[in-house]
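K.L.:
Take a look at start-v3.txt, compact mmCIF, C-alpha atoms:
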```txt
# COMPACT_ATOMS: atom_id res chain seq x y z
CA MET A 23 110.99 5.69 -128.99
CA GLU A 24 109.80 2.41 -130.47
CA THR A 25 106.07 1.80 -130.82
CA ALA A 26 104.55 -1.36 -129.35
CA PRO A 27 103.10 -3.76 -131.96
CA HIS A 28 99.47 -2.99 -131.06
CA ALA A 29 99.86 0.56 -129.79
CA ALA A 30 97.12 2.98 -130.72
CA PRO A 31 98.62 6.13 -132.20
CA LEU A 32 97.81 9.25 -130.23
CA PRO A 33 96.27 12.12 -132.19
CA GLN A 34 98.85 14.80 -132.99
CA ALA A 35 97.00 17.28 -130.76
CA PHE A 36 97.82 15.08 -127.75
CA ALA A 37 101.55 15.49 -128.26
CA ASP A 38 101.79 18.37 -125.81
CA GLY A 39 98.14 18.70 -124.79
CA VAL A 40 97.13 16.11 -122.19
CA PHE A 41 100.43 15.44 -120.48
CA PRO A 42 101.28 18.82 -118.90
CA ALA A 43 100.05 19.20 -115.31
CA GLY A 44 98.02 22.31 -116.11
CA CYS A 45 96.00 20.79 -118.94
CA PRO A 46 92.24 21.10 -118.25
CA SER A 47 91.67 17.66 -119.75
CA ARG A 48 93.51 16.16 -116.77
CA THR A 49 90.96 17.68 -114.39
CA LEU A 50 88.10 16.36 -116.49
CA LEU A 51 89.71 12.92 -116.75
CA ASP A 52 89.99 12.87 -112.97
CA HIS A 53 86.24 13.54 -112.68
CA ILE A 54 85.07 10.99 -115.22
CA THR A 55 87.51 8.20 -114.47
CA SER A 56 87.09 8.21 -110.72
CA LYS A 57 85.60 4.99 -109.38
CA TRP A 58 82.26 6.64 -108.63
CA GLY A 59 82.23 8.88 -111.70
CA VAL A 60 82.46 5.93 -114.07
CA LEU A 61 79.79 3.95 -112.21
CA ILE A 62 77.34 6.87 -112.06
CA LEU A 63 77.84 7.67 -115.76
CA ILE A 64 77.35 4.00 -116.71
CA ALA A 65 74.23 3.72 -114.53
CA LEU A 66 72.73 6.85 -116.09
CA SER A 67 73.49 5.57 -119.59
CA GLU A 68 70.47 3.29 -119.08
CA GLY A 69 68.15 6.30 -118.57
CA ASP A 70 66.88 8.71 -115.93
CA GLN A 71 67.34 7.63 -112.33
CA ARG A 72 66.48 8.91 -108.91
CA TRP A 73 68.95 9.46 -106.09
CA SER A 74 67.93 6.24 -104.33
CA ASP A 75 68.28 4.24 -107.57
CA LEU A 76 71.83 5.52 -108.05
CA ARG A 77 72.70 4.83 -104.42
CA ARG A 78 71.53 1.22 -104.79
CA ARG A 79 73.26 0.76 -108.15
CA ALA A 80 76.66 2.05 -107.01
CA GLU A 81 76.91 -0.32 -104.09
CA GLY A 82 79.15 1.02 -101.35
CA ILE A 83 78.92 4.70 -102.27
CA SER A 84 78.24 7.01 -99.34
CA GLU A 85 75.59 9.73 -99.51
CA LYS A 86 78.32 12.36 -99.34
CA MET A 87 80.29 10.79 -102.20
CA LEU A 88 77.18 10.37 -104.35
CA ALA A 89 76.23 14.02 -103.80
CA GLN A 90 79.78 15.18 -104.56
CA THR A 91 80.07 13.03 -107.68
CA LEU A 92 76.70 14.14 -109.04
CA LYS A 93 77.51 17.81 -108.40
CA THR A 94 80.86 17.48 -110.13
CA LEU A 95 79.37 15.71 -113.16
CA GLU A 96 76.55 18.26 -113.30
CA ARG A 97 79.04 21.15 -113.13
CA ASP A 98 80.99 19.49 -115.97
CA GLY A 99 77.82 19.43 -118.08
CA LEU A 100 77.60 15.64 -118.20
CA VAL A 101 74.65 15.10 -115.85
CA SER A 102 71.36 16.96 -115.62
CA ARG A 103 69.43 17.31 -112.34
CA ARG A 104 65.66 17.85 -112.41
CA ALA A 105 63.83 18.56 -109.15
CA GLN A 106 60.13 17.70 -109.33
CA PRO A 107 57.74 20.04 -107.45
CA VAL A 108 56.10 17.25 -105.45
CA ILE A 109 55.94 16.13 -101.85
CA PRO A 110 57.98 14.25 -100.89
CA PRO A 111 60.69 15.91 -103.00
CA ARG A 112 61.77 13.98 -106.07
CA VAL A 113 64.95 14.57 -108.02
CA ASP A 114 65.73 12.82 -111.28
CA TYR A 115 69.19 12.61 -112.80
CA SER A 116 69.98 12.00 -116.44
CA LEU A 117 72.85 12.33 -118.85
CA THR A 118 73.16 15.35 -121.07
CA GLU A 119 73.93 14.91 -124.75
CA ARG A 120 77.63 15.21 -123.94
CA GLY A 121 77.17 12.72 -121.09
CA TYR A 122 75.64 10.17 -123.48
CA GLU A 123 78.53 10.71 -125.88
CA LEU A 124 80.97 10.01 -123.05
CA SER A 125 79.06 6.99 -121.72
CA ALA A 126 79.18 5.41 -125.18
CA LEU A 127 82.98 5.51 -124.86
CA LEU A 128 82.99 4.27 -121.25
CA VAL A 129 80.74 1.23 -121.78
CA PRO A 130 83.39 -0.69 -123.79
CA LEU A 131 86.03 0.18 -121.16
CA VAL A 132 83.83 -1.06 -118.33
CA ALA A 133 82.93 -4.20 -120.35
CA TRP A 134 86.65 -4.88 -120.88
CA ALA A 135 87.33 -4.44 -117.15
CA PHE A 136 84.45 -6.78 -116.28
CA ASP A 137 85.65 -9.44 -118.75
CA ASN A 138 89.29 -9.30 -117.62
CA ALA A 139 89.17 -8.33 -113.93
CA GLU A 140 89.14 -11.80 -112.42
CA ASP A 141 92.15 -13.03 -114.43
CA ILE A 142 94.12 -9.83 -113.83
CA ILE A 143 93.38 -9.72 -110.10
CA ASN A 144 94.27 -13.42 -109.78
CA GLY A 145 97.49 -12.99 -111.78
CA VAL A 146 96.43 -15.29 -114.63
CA PRO A 147 98.75 -14.61 -117.58
CA GLN A 148 97.17 -13.61 -120.87
CA SER A 149 97.36 -16.28 -123.56
CA LYS A 150 98.75 -15.22 -126.92
```
What do you get writing this file as structure tokens?
P.N.:
Amino acid sequence: METAPHAAPLPQAFADGVFPAGCPSRTLLDHITSKWGVLILIALSEGDQRWSDLRRRAEGISEKMLAQTLKTLERDGLVSRRAQPVIPPRVDYSLTERGYELSALLVPLVAWAFDNAEDIINGVPQSK
């Protein structure tokens, strides 16, 4: 197999690791690269946020999808949930250390998508 001129070499550990269907990394990739997973992780990279803040930030997300995404990311150890003992109830969400590590990798991806989306969606060819 010939390598493309600008191809990034995959680490040797990837050779058989991420491609098989049973690889746990595929499950995790599904969680973090879902439309809502990426947006929630990026939003939380700016600091702690409440449920309503996240709902406003991720425009179009349903309450059910926000709850499901937050639970999944919390179960994966990427998001922390802190319930405050006040009335009315207040819950704050934040990234864990591992979540911040991941968001640092996602920010450049999201920035690239933002910078290139319009041209790609409109079929504008890339200049060399």
K.L.:
To one decimal place, how far is CA of Ala65 in chain A from CA of Leu117 in chain A in Å?
P.N.:
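If I compute the distance from CA of Ala65 in chain A to CA of Leu117 in chain A, I get 9.7 Å.
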K.L.:
For a test of reading the model, state the distance in Å between CA of Arg78 in chain A and CA of Ile62 in chain A, rounded to one decimal.
P.N.:
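Distance between the two atoms: 10.9 Å.
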K.L.:
May I ask for the distance between CA of Leu76 in chain A and CA of Ser47 in chain A, given in Å to one decimal place?
P.N.:
26.0 Å
K.L.:
Give me the residues within 12 Å of range 92-97 of chain A as a VMD selection string, counting only C-alpha atoms and dropping any in the same chain fewer than 6 places off.
P.N.:
chain A and resid 49 to 56 58 to 63 66 71 to 73 76 to 77 83 85 to 86 103 to 104 113 to 118 120 to 121 124
K.L.:
Pick the closest to Asp75 in chain A from A:Ala126, A:Arg112, A:Leu100, A:Phe41: which is it, counting all atoms listed in the file?
P.N.:
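Comparing A:Ala126, A:Arg112, A:Leu100, A:Phe41 against Asp75 in chain A, the winner is A:Arg112.
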K.L.:
When you count only C-alpha atoms, which of these residues is closest to Ser125 in chain A: A:Pro46, A:Gly69, A:Pro33, A:Gly39?
P.N.:
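Once distances to Ser125 in chain A are computed over only C-alpha atoms, the minimum belongs to A:Gly69.
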K.L.:
Find, counting only C-alpha atoms, the residue in A:Leu88, A:Ile109, A:Ala29, A:Ile64 that gets nearest to Tyr122 in chain A.
P.N.:
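For Tyr122 in chain A, the nearest of the candidates is A:Ile64.
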K.L.:
Report the centre and edge lengths, in Å to one decimal, of an axis-aligned box enclosing every atom of range 105-121 of chain A listed in the file, padded by 8 Å on each side, as JSON.
P.N.:
```
{"center_x": 66.8, "center_y": 16.0, "center_z": -112.8, "size_x": 37.7, "size_y": 24.0, "size_z": 39.9}
```
K.L.:
I'd like to know which of A:His28, A:Ala133, A:Met87, A:Ser67 is closest to Val101 in chain A, using all atoms listed in the file.
P.N.:
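Going through A:His28, A:Ala133, A:Met87, A:Ser67 one by one, the smallest distance to Val101 in chain A is for A:Ser67.
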K.L.:
Could you check the closest approach to Gly82 in chain A for each of A:Ser149, A:Pro130, A:Ala35, A:Lys57 and tell me which residue wins, using all atoms listed in the file?
P.N.:
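For Gly82 in chain A, the nearest of the given residues is A:Lys57.
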